[in-house]
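Data block for run.csv (CSV, C-alpha atoms):
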```csv
chain,number,residue,atom,x,y,z
A,1,MET,CA,0.0,0.0,0.0
A,2,THR,CA,1.3,3.4,-1.0
A,3,TYR,CA,0.5,6.4,1.3
A,4,ASN,CA,-1.3,9.2,-0.5
A,5,PRO,CA,1.2,11.8,-1.8
A,6,TRP,CA,0.8,15.6,-1.5
A,7,PRO,CA,-1.1,17.3,-3.0
A,8,LEU,CA,-3.8,14.7,-3.6
A,9,GLY,CA,-5.8,15.1,-6.8
A,10,GLN,CA,-5.6,18.0,-9.3
A,11,VAL,CA,-6.7,20.9,-7.2
A,12,PRO,CA,-5.5,24.1,-9.1
A,13,ARG,CA,-2.8,25.9,-7.2
A,14,GLU,CA,-4.9,29.0,-6.9
A,15,PHE,CA,-7.4,27.1,-4.8
A,16,GLN,CA,-4.7,25.7,-2.5
A,17,ARG,CA,-3.4,27.5,0.6
A,18,PRO,CA,-0.4,29.5,-0.5
A,19,GLU,CA,1.9,29.3,2.6
A,20,LEU,CA,3.8,26.2,1.6
A,21,TYR,CA,4.7,27.7,-1.7
A,22,GLN,CA,5.5,31.1,-0.2
A,23,ILE,CA,8.1,29.8,2.2
A,24,LYS,CA,9.9,28.1,-0.8
A,25,GLU,CA,10.0,31.4,-2.5
A,26,MET,CA,11.5,32.8,0.7
A,27,GLY,CA,14.3,30.3,0.5
A,28,TYR,CA,13.1,27.5,2.8
A,29,ASP,CA,13.6,24.1,1.3
A,30,TRP,CA,11.3,21.1,1.9
A,31,ASP,CA,10.1,18.0,0.1
A,32,ASP,CA,7.4,16.6,2.3
A,33,PRO,CA,4.9,19.1,3.9
A,34,ARG,CA,5.5,17.4,7.2
A,35,ASP,CA,9.1,18.6,7.0
A,36,VAL,CA,7.7,22.1,7.4
A,37,VAL,CA,6.2,21.1,10.8
A,38,THR,CA,9.7,20.1,12.0
A,39,MET,CA,11.2,23.2,10.5
A,40,PHE,CA,8.7,25.4,12.5
A,41,GLU,CA,9.2,23.5,15.7
A,42,GLU,CA,13.0,23.9,15.5
A,43,LYS,CA,12.7,27.6,14.6
A,44,VAL,CA,10.4,28.2,17.6
A,45,ALA,CA,12.6,26.2,20.0
A,46,LYS,CA,15.7,28.2,18.9
A,47,PHE,CA,13.9,31.5,19.3
A,48,ALA,CA,12.5,30.6,22.7
A,49,GLY,CA,15.7,29.1,24.1
A,50,SER,CA,14.4,25.5,24.6
A,51,LYS,CA,15.9,22.3,23.3
A,52,TYR,CA,12.6,21.0,21.9
A,53,ALA,CA,9.2,22.2,20.7
A,54,VAL,CA,6.1,20.2,20.0
A,55,SER,CA,3.5,21.9,17.7
A,56,VAL,CA,-0.2,21.4,18.6
A,57,ASP,CA,-3.5,22.7,17.3
A,58,CYS,CA,-4.1,25.2,20.1
A,59,CYS,CA,-2.6,26.3,23.4
A,60,THR,CA,-5.5,24.8,25.4
A,61,ASN,CA,-4.9,21.4,23.9
A,62,GLY,CA,-1.2,21.8,24.6
A,63,LEU,CA,-1.9,22.3,28.3
A,64,PHE,CA,-4.2,19.3,28.2
A,65,LEU,CA,-1.5,17.1,26.6
A,66,CYS,CA,1.0,18.3,29.3
A,67,LEU,CA,-1.4,17.3,32.1
A,68,GLU,CA,-2.1,13.9,30.4
A,69,TYR,CA,1.6,13.3,29.9
A,70,LEU,CA,2.4,13.9,33.6
A,71,LYS,CA,-0.5,11.6,34.6
A,72,SER,CA,0.8,8.9,32.3
A,73,GLU,CA,4.3,9.2,33.8
A,74,GLY,CA,2.9,8.8,37.3
A,75,LEU,CA,3.9,12.3,38.3
A,76,VAL,CA,0.4,13.3,39.5
A,77,ILE,CA,-1.0,12.0,42.7
A,78,TRP,CA,-4.8,12.3,43.3
A,79,PRO,CA,-6.5,14.3,44.5
A,80,LEU,CA,-4.4,17.0,42.9
A,81,TYR,CA,-5.3,20.6,43.4
A,82,ILE,CA,-3.7,22.9,40.8
A,83,ASN,CA,-3.2,26.6,41.8
A,84,ILE,CA,-4.1,29.0,39.0
A,85,PRO,CA,-4.9,32.7,38.9
A,86,LYS,CA,-8.5,33.7,39.4
A,87,ARG,CA,-8.0,35.9,36.3
A,88,THR,CA,-7.1,33.9,33.3
A,89,TYR,CA,-8.7,32.4,30.2
A,90,ILE,CA,-11.7,30.1,31.0
A,91,SER,CA,-10.3,27.1,29.2
A,92,VAL,CA,-7.6,26.6,31.8
A,93,PRO,CA,-9.8,25.5,34.7
A,94,MET,CA,-11.9,23.5,32.2
A,95,ILE,CA,-9.0,21.4,30.9
A,96,ILE,CA,-7.8,20.8,34.5
A,97,ILE,CA,-11.2,19.4,35.4
A,98,ARG,CA,-11.3,17.4,32.1
A,99,SER,CA,-8.0,15.9,33.3
A,100,LEU,CA,-9.7,14.8,36.5
A,101,MET,CA,-7.8,17.3,38.6
A,102,PHE,CA,-9.1,20.3,40.6
A,103,PRO,CA,-8.4,24.0,40.0
A,104,LYS,CA,-7.7,26.1,43.0
A,105,TYR,CA,-8.1,29.8,42.3
A,106,LYS,CA,-5.6,32.2,43.7
A,107,ASN,CA,-5.2,36.0,43.7
A,108,ILE,CA,-2.1,36.1,41.5
A,109,ASP,CA,-0.9,39.0,39.5
A,110,TRP,CA,0.8,37.8,36.4
A,111,SER,CA,2.0,39.1,33.0
A,112,GLY,CA,2.6,36.9,30.0
A,113,ILE,CA,3.0,33.7,31.7
A,114,TYR,CA,2.2,31.8,34.9
A,115,GLN,CA,2.7,28.3,36.4
A,116,LEU,CA,0.0,25.7,37.0
A,117,ASN,CA,1.5,25.1,40.4
A,118,PRO,CA,2.7,22.6,41.7
A,119,LEU,CA,3.2,21.1,38.2
A,120,PRO,CA,6.1,22.1,35.9
A,121,ILE,CA,3.6,23.4,33.4
A,122,TRP,CA,3.5,27.1,32.4
A,123,ASP,CA,0.8,28.8,30.5
A,124,GLY,CA,2.7,31.3,28.3
A,125,ALA,CA,-0.2,32.1,25.9
A,126,VAL,CA,0.4,35.8,25.9
A,127,ARG,CA,4.2,36.0,25.9
A,128,TRP,CA,6.3,36.0,22.7
A,129,THR,CA,9.8,37.3,23.0
A,130,LYS,CA,13.3,36.1,22.4
A,131,GLY,CA,14.6,33.7,25.1
A,132,MET,CA,11.1,33.3,26.7
A,133,TYR,CA,11.5,29.7,27.8
A,134,VAL,CA,11.6,29.5,31.6
A,135,GLY,CA,14.2,26.8,31.7
A,136,ASN,CA,14.8,23.5,33.5
A,137,ASN,CA,12.5,20.8,32.2
A,138,ALA,CA,9.4,22.9,32.3
A,139,LEU,CA,6.5,22.3,29.9
A,140,GLN,CA,5.8,25.8,28.6
A,141,VAL,CA,2.9,26.3,26.2
A,142,VAL,CA,2.7,29.1,23.6
A,143,SER,CA,-0.4,30.3,21.7
A,144,PHE,CA,-0.7,31.4,18.0
A,145,GLN,CA,-4.4,32.5,18.3
A,146,ILE,CA,-5.4,35.4,16.2
A,147,LYS,CA,-4.8,38.0,18.9
A,148,LYS,CA,-1.3,36.8,19.7
A,149,ARG,CA,2.1,38.1,18.5
A,150,ILE,CA,2.3,35.3,15.9
A,151,PRO,CA,-1.4,35.4,14.8
A,152,ILE,CA,-1.6,32.2,12.8
A,153,GLY,CA,-5.2,32.0,13.8
A,154,ARG,CA,-5.0,28.7,15.6
A,155,GLY,CA,-2.2,26.7,17.0
A,156,GLY,CA,0.3,26.3,19.8
A,157,MET,CA,3.7,25.0,20.8
A,158,ILE,CA,4.9,23.1,23.9
A,159,LEU,CA,8.5,24.1,24.8
A,160,THR,CA,10.7,21.8,26.9
A,161,ASN,CA,14.3,20.7,27.5
A,162,ASP,CA,13.1,17.2,28.4
A,163,LYS,CA,13.8,14.7,25.6
A,164,GLU,CA,11.5,12.0,27.0
A,165,ALA,CA,8.7,14.5,27.4
A,166,TYR,CA,9.3,15.7,23.8
A,167,ASP,CA,9.2,12.2,22.3
A,168,LYS,CA,6.0,11.2,24.1
A,169,LEU,CA,4.2,14.5,23.5
A,170,LYS,CA,5.0,14.3,19.8
A,171,LEU,CA,3.3,10.8,19.7
A,172,MET,CA,0.4,12.0,21.9
A,173,SER,CA,-0.3,15.0,19.7
A,174,TYR,CA,-0.7,13.0,16.4
A,175,ASP,CA,-2.8,9.9,17.2
A,176,GLY,CA,0.2,8.0,18.7
A,177,ARG,CA,1.8,7.9,15.3
A,178,ASP,CA,5.5,7.6,14.7
A,179,LEU,CA,5.9,9.7,11.6
A,180,SER,CA,9.4,8.4,10.9
A,181,LEU,CA,7.8,5.1,9.9
A,182,PRO,CA,5.4,4.4,6.9
A,183,TYR,CA,1.7,4.5,7.8
A,184,ASN,CA,1.3,0.8,7.0
A,185,HIS,CA,4.3,-0.2,9.2
A,186,PRO,CA,3.3,-2.6,12.0
A,187,ASN,CA,4.9,-0.2,14.6
A,188,HIS,CA,3.6,3.0,13.1
A,189,VAL,CA,1.1,3.5,15.9
A,190,LYS,CA,2.9,3.3,19.3
A,191,MET,CA,0.3,4.5,21.8
A,192,LEU,CA,-3.3,5.7,22.3
A,193,GLY,CA,-3.0,9.4,21.3
A,194,TYR,CA,-5.0,12.5,20.5
A,195,HIS,CA,-5.8,14.3,17.3
A,196,MET,CA,-4.2,17.6,18.2
A,197,TYR,CA,-1.5,18.2,15.6
A,198,MET,CA,-0.7,21.4,13.8
A,199,THR,CA,-1.0,21.4,10.0
A,200,PRO,CA,1.9,22.0,7.7
A,201,GLU,CA,0.1,25.0,6.2
A,202,ASP,CA,-0.3,26.6,9.6
A,203,CYS,CA,3.3,25.9,10.4
A,204,ALA,CA,4.4,27.6,7.2
A,205,ARG,CA,2.3,30.6,8.1
A,206,GLY,CA,4.0,30.6,11.5
A,207,ILE,CA,7.4,30.7,9.7
A,208,ILE,CA,6.3,33.6,7.6
A,209,LEU,CA,5.0,35.6,10.5
A,210,MET,CA,8.1,34.9,12.7
A,211,ASP,CA,10.3,36.3,9.9
A,212,ASN,CA,8.2,39.5,9.9
A,213,THR,CA,7.8,40.0,13.7
A,214,PRO,CA,10.3,41.7,16.1
A,215,GLU,CA,12.2,39.4,18.3
A,216,VAL,CA,11.6,41.3,21.5
A,217,ASN,CA,8.0,42.1,22.5
A,218,GLU,CA,6.1,43.2,25.5
A,219,ASP,CA,3.6,40.7,26.9
A,220,SER,CA,0.3,40.9,25.1
A,221,GLY,CA,-1.8,40.0,28.2
A,222,ASN,CA,-1.9,40.0,32.0
A,223,SER,CA,-4.2,39.3,34.9
A,224,SER,CA,-5.9,42.7,34.7
A,225,MET,CA,-7.3,41.8,31.2
A,226,TYR,CA,-9.3,38.7,32.3
A,227,PRO,CA,-12.5,38.3,34.3
A,228,ASP,CA,-12.7,36.1,37.4
A,229,VAL,CA,-12.9,32.6,36.1
A,230,GLU,CA,-13.8,31.2,39.5
A,231,GLN,CA,-17.1,33.1,39.3
A,232,MET,CA,-17.6,32.1,35.7
A,233,MET,CA,-17.2,28.4,36.5
A,234,LYS,CA,-19.9,28.6,39.2
A,235,ASN,CA,-22.4,29.4,36.4
A,236,ILE,CA,-21.9,26.1,34.6
```
Take the structure in this file and express it as structure tokens.
Amino acid sequence: MTYNPWPLGQVPREFQRPELYQIKEMGYDWDDPRDVVTMFEEKVAKFAGSKYAVSVDCCTNGLFLCLEYLKSEGLVIWPLYINIPKRTYISVPMIIIRSLMFPKYKNIDWSGIYQLNPLPIWDGAVRWTKGMYVGNNALQVVSFQIKKRIPIGRGGMILTNDKEAYDKLKLMSYDGRDLSLPYNHPNHVKMLGYHMYMTPEDCARGIILMDNTPEVNEDSGNSSMYPDVEQMMKNI
């Protein structure tokens, strides 16, 4: 069985998304569109100062994957209460609950980034600046939502220095698939994963935007910009 090549069929170029062609015109070389995903991950990791980066379809799902990864590694002991700011985006307490943990709301002033304490997970959705990775083996999640510094429209990135975390999160984000092996290989699927990958076209758009965005930027969000999520969660 031969895996479907790209592009499939005879869709005229003017009806295809342009980003993959655009980065070739900018001097980026790739053969398989999935090479562009790796290219974007490496570019973001170098920019942020981390060893590795895992692209995902949004920041919220990136946080969810980090929580699920720590659970799978036995690094979470129930019941686990996770300290988060009262003023943040509503999806954060939701994904904590979805992961069978408990948000504990705190009066925390923050800008750009904060920790899901006591876990080594950092929500960095509104920070984009050179060297932004917090270091150690933290799992730091970036957002590319339309209001962010790199406004792809949708997408996120998990930054880490931990090779084991990187390897497992890569598998988790794309249906447990080992993309280094053919799809029909008996060991192609290595685990029960999630369908939370970032597309090559979005990664290509990220490359274009990074090349046209200043390296040093102020945080685009802080605690004063969000309502009290503890009160919001009481209404559902």
Which value, in Å to one decimal, gives the distance between CA of Ala125 in chain A and CA of Val142 in chain A? 4.8 Å
Do a neighbour search on range 178-192 of chain A at 12 Å with all atoms listed in the file, toss out local chain neighbours closer than 5 positions, and write the hits as a PyMOL selection string. chain A and resi 1-4+32+34-35+37-38+68-69+72+167-173+197
Every residue with an atom at most 8 Å from (2.9, 19.7, 34.7) (file coordinates; only C-alpha atoms) is what I'm after, so could you write them as JSON, numbers by chain? {"A": [66, 67, 70, 116, 117, 118, 119, 120, 121, 122, 138, 139]}
Go ahead and save the residues from that selection, with C-alpha atoms, as a compact mmCIF listing (two decimals), keeping the file's coordinate frame.
```
# COMPACT_ATOMS: atom_id res chain seq x y z
CA CYS A 66 1.00 18.30 29.30
CA LEU A 67 -1.40 17.30 32.10
CA LEU A 70 2.40 13.90 33.60
CA LEU A 116 0.00 25.70 37.00
CA ASN A 117 1.50 25.10 40.40
CA PRO A 118 2.70 22.60 41.70
CA LEU A 119 3.20 21.10 38.20
CA PRO A 120 6.10 22.10 35.90
CA ILE A 121 3.60 23.40 33.40
CA TRP A 122 3.50 27.10 32.40
CA ALA A 138 9.40 22.90 32.30
CA LEU A 139 6.50 22.30 29.90
```
May I ask for the distance between CA of Glu230 in chain A and CA of Pro93 in chain A, given in Å to one decimal place?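 Going from CA of Glu230 in chain A over to CA of Pro93 in chain A, I get 8.5 Å.
The residue set within 8 Å of Val56 in chain A, counting all atoms listed in the file and dropping same-chain residues fewer than 2 places from it, reads Val54, Cys58, Cys59, Asn61, Gly62, Gly155, Gly156, Met157, Ile158, Ser173, Met196, Tyr197 and Met198 of chain A.
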List as a list in words the protein and nucleic acid residues near Ala48 in chain A, meaning an atom at most 8 Å away when only C-alpha atoms are counted, but skip any in the same chain fewer than 6 places from it.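 Close residues of Ala48 in chain A: Thr129, Lys130, Gly131, Met132, Tyr133 and Leu159 of chain A.
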Would you list the contacts of Val44 in chain A as number ranges by chain, taking every protein, DNA or RNA residue within 9 Å and counting all atoms listed in the file, but skipping same-chain residues closer than 2 positions in sequence? A: 39-42, 46-50, 52-53, 157, 159, 207, 210
Any chance you can output those residues with C-alpha atoms as a compact mmCIF listing (two decimals), keeping the file's coordinate frame?
```txt
# COMPACT_ATOMS: atom_id res chain seq x y z
CA MET A 39 11.20 23.20 10.50
CA PHE A 40 8.70 25.40 12.50
CA GLU A 41 9.20 23.50 15.70
CA GLU A 42 13.00 23.90 15.50
CA LYS A 46 15.70 28.20 18.90
CA PHE A 47 13.90 31.50 19.30
CA ALA A 48 12.50 30.60 22.70
CA GLY A 49 15.70 29.10 24.10
CA SER A 50 14.40 25.50 24.60
CA TYR A 52 12.60 21.00 21.90
CA ALA A 53 9.20 22.20 20.70
CA MET A 157 3.70 25.00 20.80
CA LEU A 159 8.50 24.10 24.80
CA ILE A 207 7.40 30.70 9.70
CA MET A 210 8.10 34.90 12.70
```
From the list A:Asn222, A:Lys51, A:Asn83, A:Ile77, the nearest residue to Glu164 in chain A using only C-alpha atoms is A:Lys51
Could you tell me how far CA of Ile152 in chain A sits from CA of Thr199 in chain A, in Å to one decimal place?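 We find that CA of Thr199 in chain A and CA of Ile152 in chain A lie 11.2 Å from each other.
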I need every residue sitting at most 12 Å from the point (-10.1, 18.6, 32.2) (coordinates as in the file, all atoms listed in the file considered), written as a list in words.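 Taken together, the residues in range are Thr60, Asn61, Leu63, Phe64, Leu65, Cys66, Leu67, Glu68, Ile82, Ile90, Ser91, Val92, Pro93, Met94, Ile95, Ile96, Ile97, Arg98, Ser99, Leu100, Met101, Phe102 and Pro103 of chain A.
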Would you mind completing range 199-228 of chain A to N, CA and C atoms and writing the output as a PDB file, in the frame of the given file?
```
ATOM      1  N   THR A 199      -1.156  21.713  11.422  1.00  0.00           N
ATOM      2  CA  THR A 199      -1.000  21.400  10.000  1.00  0.00           C
ATOM      3  C   THR A 199       0.239  22.030   9.409  1.00  0.00           C
ATOM      4  N   PRO A 200       0.780  21.443   8.340  1.00  0.00           N
ATOM      5  CA  PRO A 200       1.900  22.000   7.700  1.00  0.00           C
ATOM      6  C   PRO A 200       1.653  23.462   7.158  1.00  0.00           C
ATOM      7  N   GLU A 201       0.433  23.702   6.676  1.00  0.00           N
ATOM      8  CA  GLU A 201       0.100  25.000   6.200  1.00  0.00           C
ATOM      9  C   GLU A 201       0.147  26.081   7.290  1.00  0.00           C
ATOM     10  N   ASP A 202      -0.371  25.714   8.475  1.00  0.00           N
ATOM     11  CA  ASP A 202      -0.300  26.600   9.600  1.00  0.00           C
ATOM     12  C   ASP A 202       1.120  26.842  10.074  1.00  0.00           C
ATOM     13  N   CYS A 203       1.917  25.777  10.045  1.00  0.00           N
ATOM     14  CA  CYS A 203       3.300  25.900  10.400  1.00  0.00           C
ATOM     15  C   CYS A 203       4.058  26.830   9.441  1.00  0.00           C
ATOM     16  N   ALA A 204       3.739  26.694   8.163  1.00  0.00           N
ATOM     17  CA  ALA A 204       4.400  27.600   7.200  1.00  0.00           C
ATOM     18  C   ALA A 204       3.974  29.018   7.420  1.00  0.00           C
ATOM     19  N   ARG A 205       2.706  29.250   7.758  1.00  0.00           N
ATOM     20  CA  ARG A 205       2.300  30.600   8.100  1.00  0.00           C
ATOM     21  C   ARG A 205       3.027  31.121   9.318  1.00  0.00           C
ATOM     22  N   GLY A 206       3.267  30.240  10.281  1.00  0.00           N
ATOM     23  CA  GLY A 206       4.000  30.600  11.500  1.00  0.00           C
ATOM     24  C   GLY A 206       5.450  31.069  11.097  1.00  0.00           C
ATOM     25  N   ILE A 207       6.071  30.354  10.180  1.00  0.00           N
ATOM     26  CA  ILE A 207       7.400  30.700   9.700  1.00  0.00           C
ATOM     27  C   ILE A 207       7.419  32.098   9.088  1.00  0.00           C
ATOM     28  N   ILE A 208       6.440  32.333   8.226  1.00  0.00           N
ATOM     29  CA  ILE A 208       6.300  33.600   7.600  1.00  0.00           C
ATOM     30  C   ILE A 208       6.156  34.751   8.578  1.00  0.00           C
ATOM     31  N   LEU A 209       5.269  34.545   9.542  1.00  0.00           N
ATOM     32  CA  LEU A 209       5.000  35.600  10.500  1.00  0.00           C
ATOM     33  C   LEU A 209       6.221  35.800  11.444  1.00  0.00           C
ATOM     34  N   MET A 210       6.908  34.725  11.833  1.00  0.00           N
ATOM     35  CA  MET A 210       8.100  34.900  12.700  1.00  0.00           C
ATOM     36  C   MET A 210       9.151  35.731  11.969  1.00  0.00           C
ATOM     37  N   ASP A 211       9.304  35.519  10.663  1.00  0.00           N
ATOM     38  CA  ASP A 211      10.300  36.300   9.900  1.00  0.00           C
ATOM     39  C   ASP A 211       9.936  37.736   9.714  1.00  0.00           C
ATOM     40  N   ASN A 212       8.705  38.094  10.086  1.00  0.00           N
ATOM     41  CA  ASN A 212       8.200  39.500   9.900  1.00  0.00           C
ATOM     42  C   ASN A 212       7.753  40.080  11.225  1.00  0.00           C
ATOM     43  N   THR A 213       8.198  39.513  12.346  1.00  0.00           N
ATOM     44  CA  THR A 213       7.800  40.000  13.700  1.00  0.00           C
ATOM     45  C   THR A 213       9.057  40.307  14.478  1.00  0.00           C
ATOM     46  N   PRO A 214       9.087  41.425  15.214  1.00  0.00           N
ATOM     47  CA  PRO A 214      10.300  41.700  16.100  1.00  0.00           C
ATOM     48  C   PRO A 214      10.559  40.590  17.025  1.00  0.00           C
ATOM     49  N   GLU A 215      11.826  40.436  17.362  1.00  0.00           N
ATOM     50  CA  GLU A 215      12.200  39.400  18.300  1.00  0.00           C
ATOM     51  C   GLU A 215      11.851  39.664  19.718  1.00  0.00           C
ATOM     52  N   VAL A 216      11.902  40.923  20.109  1.00  0.00           N
ATOM     53  CA  VAL A 216      11.600  41.300  21.500  1.00  0.00           C
ATOM     54  C   VAL A 216      10.300  42.048  21.542  1.00  0.00           C
ATOM     55  N   ASN A 217       9.392  41.546  22.395  1.00  0.00           N
ATOM     56  CA  ASN A 217       8.000  42.100  22.500  1.00  0.00           C
ATOM     57  C   ASN A 217       7.571  42.151  23.922  1.00  0.00           C
ATOM     58  N   GLU A 218       6.729  43.143  24.225  1.00  0.00           N
ATOM     59  CA  GLU A 218       6.100  43.200  25.500  1.00  0.00           C
ATOM     60  C   GLU A 218       5.000  42.092  25.568  1.00  0.00           C
ATOM     61  N   ASP A 219       4.674  41.638  26.773  1.00  0.00           N
ATOM     62  CA  ASP A 219       3.600  40.700  26.900  1.00  0.00           C
ATOM     63  C   ASP A 219       2.303  41.263  26.369  1.00  0.00           C
ATOM     64  N   SER A 220       1.510  40.419  25.726  1.00  0.00           N
ATOM     65  CA  SER A 220       0.300  40.900  25.100  1.00  0.00           C
ATOM     66  C   SER A 220      -0.941  40.654  26.052  1.00  0.00           C
ATOM     67  N   GLY A 221      -0.693  40.202  27.269  1.00  0.00           N
ATOM     68  CA  GLY A 221      -1.800  40.000  28.200  1.00  0.00           C
ATOM     69  C   GLY A 221      -1.290  39.850  29.628  1.00  0.00           C
ATOM     70  N   ASN A 222      -2.181  40.124  30.588  1.00  0.00           N
ATOM     71  CA  ASN A 222      -1.900  40.000  32.000  1.00  0.00           C
ATOM     72  C   ASN A 222      -3.154  39.785  32.784  1.00  0.00           C
ATOM     73  N   SER A 223      -3.028  39.619  34.097  1.00  0.00           N
ATOM     74  CA  SER A 223      -4.200  39.300  34.900  1.00  0.00           C
ATOM     75  C   SER A 223      -5.268  40.349  34.892  1.00  0.00           C
ATOM     76  N   SER A 224      -4.915  41.599  34.647  1.00  0.00           N
ATOM     77  CA  SER A 224      -5.900  42.700  34.700  1.00  0.00           C
ATOM     78  C   SER A 224      -6.850  42.617  33.460  1.00  0.00           C
ATOM     79  N   MET A 225      -6.506  41.826  32.448  1.00  0.00           N
ATOM     80  CA  MET A 225      -7.300  41.800  31.200  1.00  0.00           C
ATOM     81  C   MET A 225      -8.351  40.688  31.214  1.00  0.00           C
ATOM     82  N   TYR A 226      -8.420  39.889  32.271  1.00  0.00           N
ATOM     83  CA  TYR A 226      -9.300  38.700  32.300  1.00  0.00           C
ATOM     84  C   TYR A 226     -10.328  38.866  33.436  1.00  0.00           C
ATOM     85  N   PRO A 227     -11.559  38.352  33.243  1.00  0.00           N
ATOM     86  CA  PRO A 227     -12.500  38.300  34.300  1.00  0.00           C
ATOM     87  C   PRO A 227     -12.183  37.178  35.316  1.00  0.00           C
ATOM     88  N   ASP A 228     -12.910  37.128  36.403  1.00  0.00           N
ATOM     89  CA  ASP A 228     -12.700  36.100  37.400  1.00  0.00           C
ATOM     90  C   ASP A 228     -13.292  34.794  36.980  1.00  0.00           C
TER      91      ASP A 228
END
```
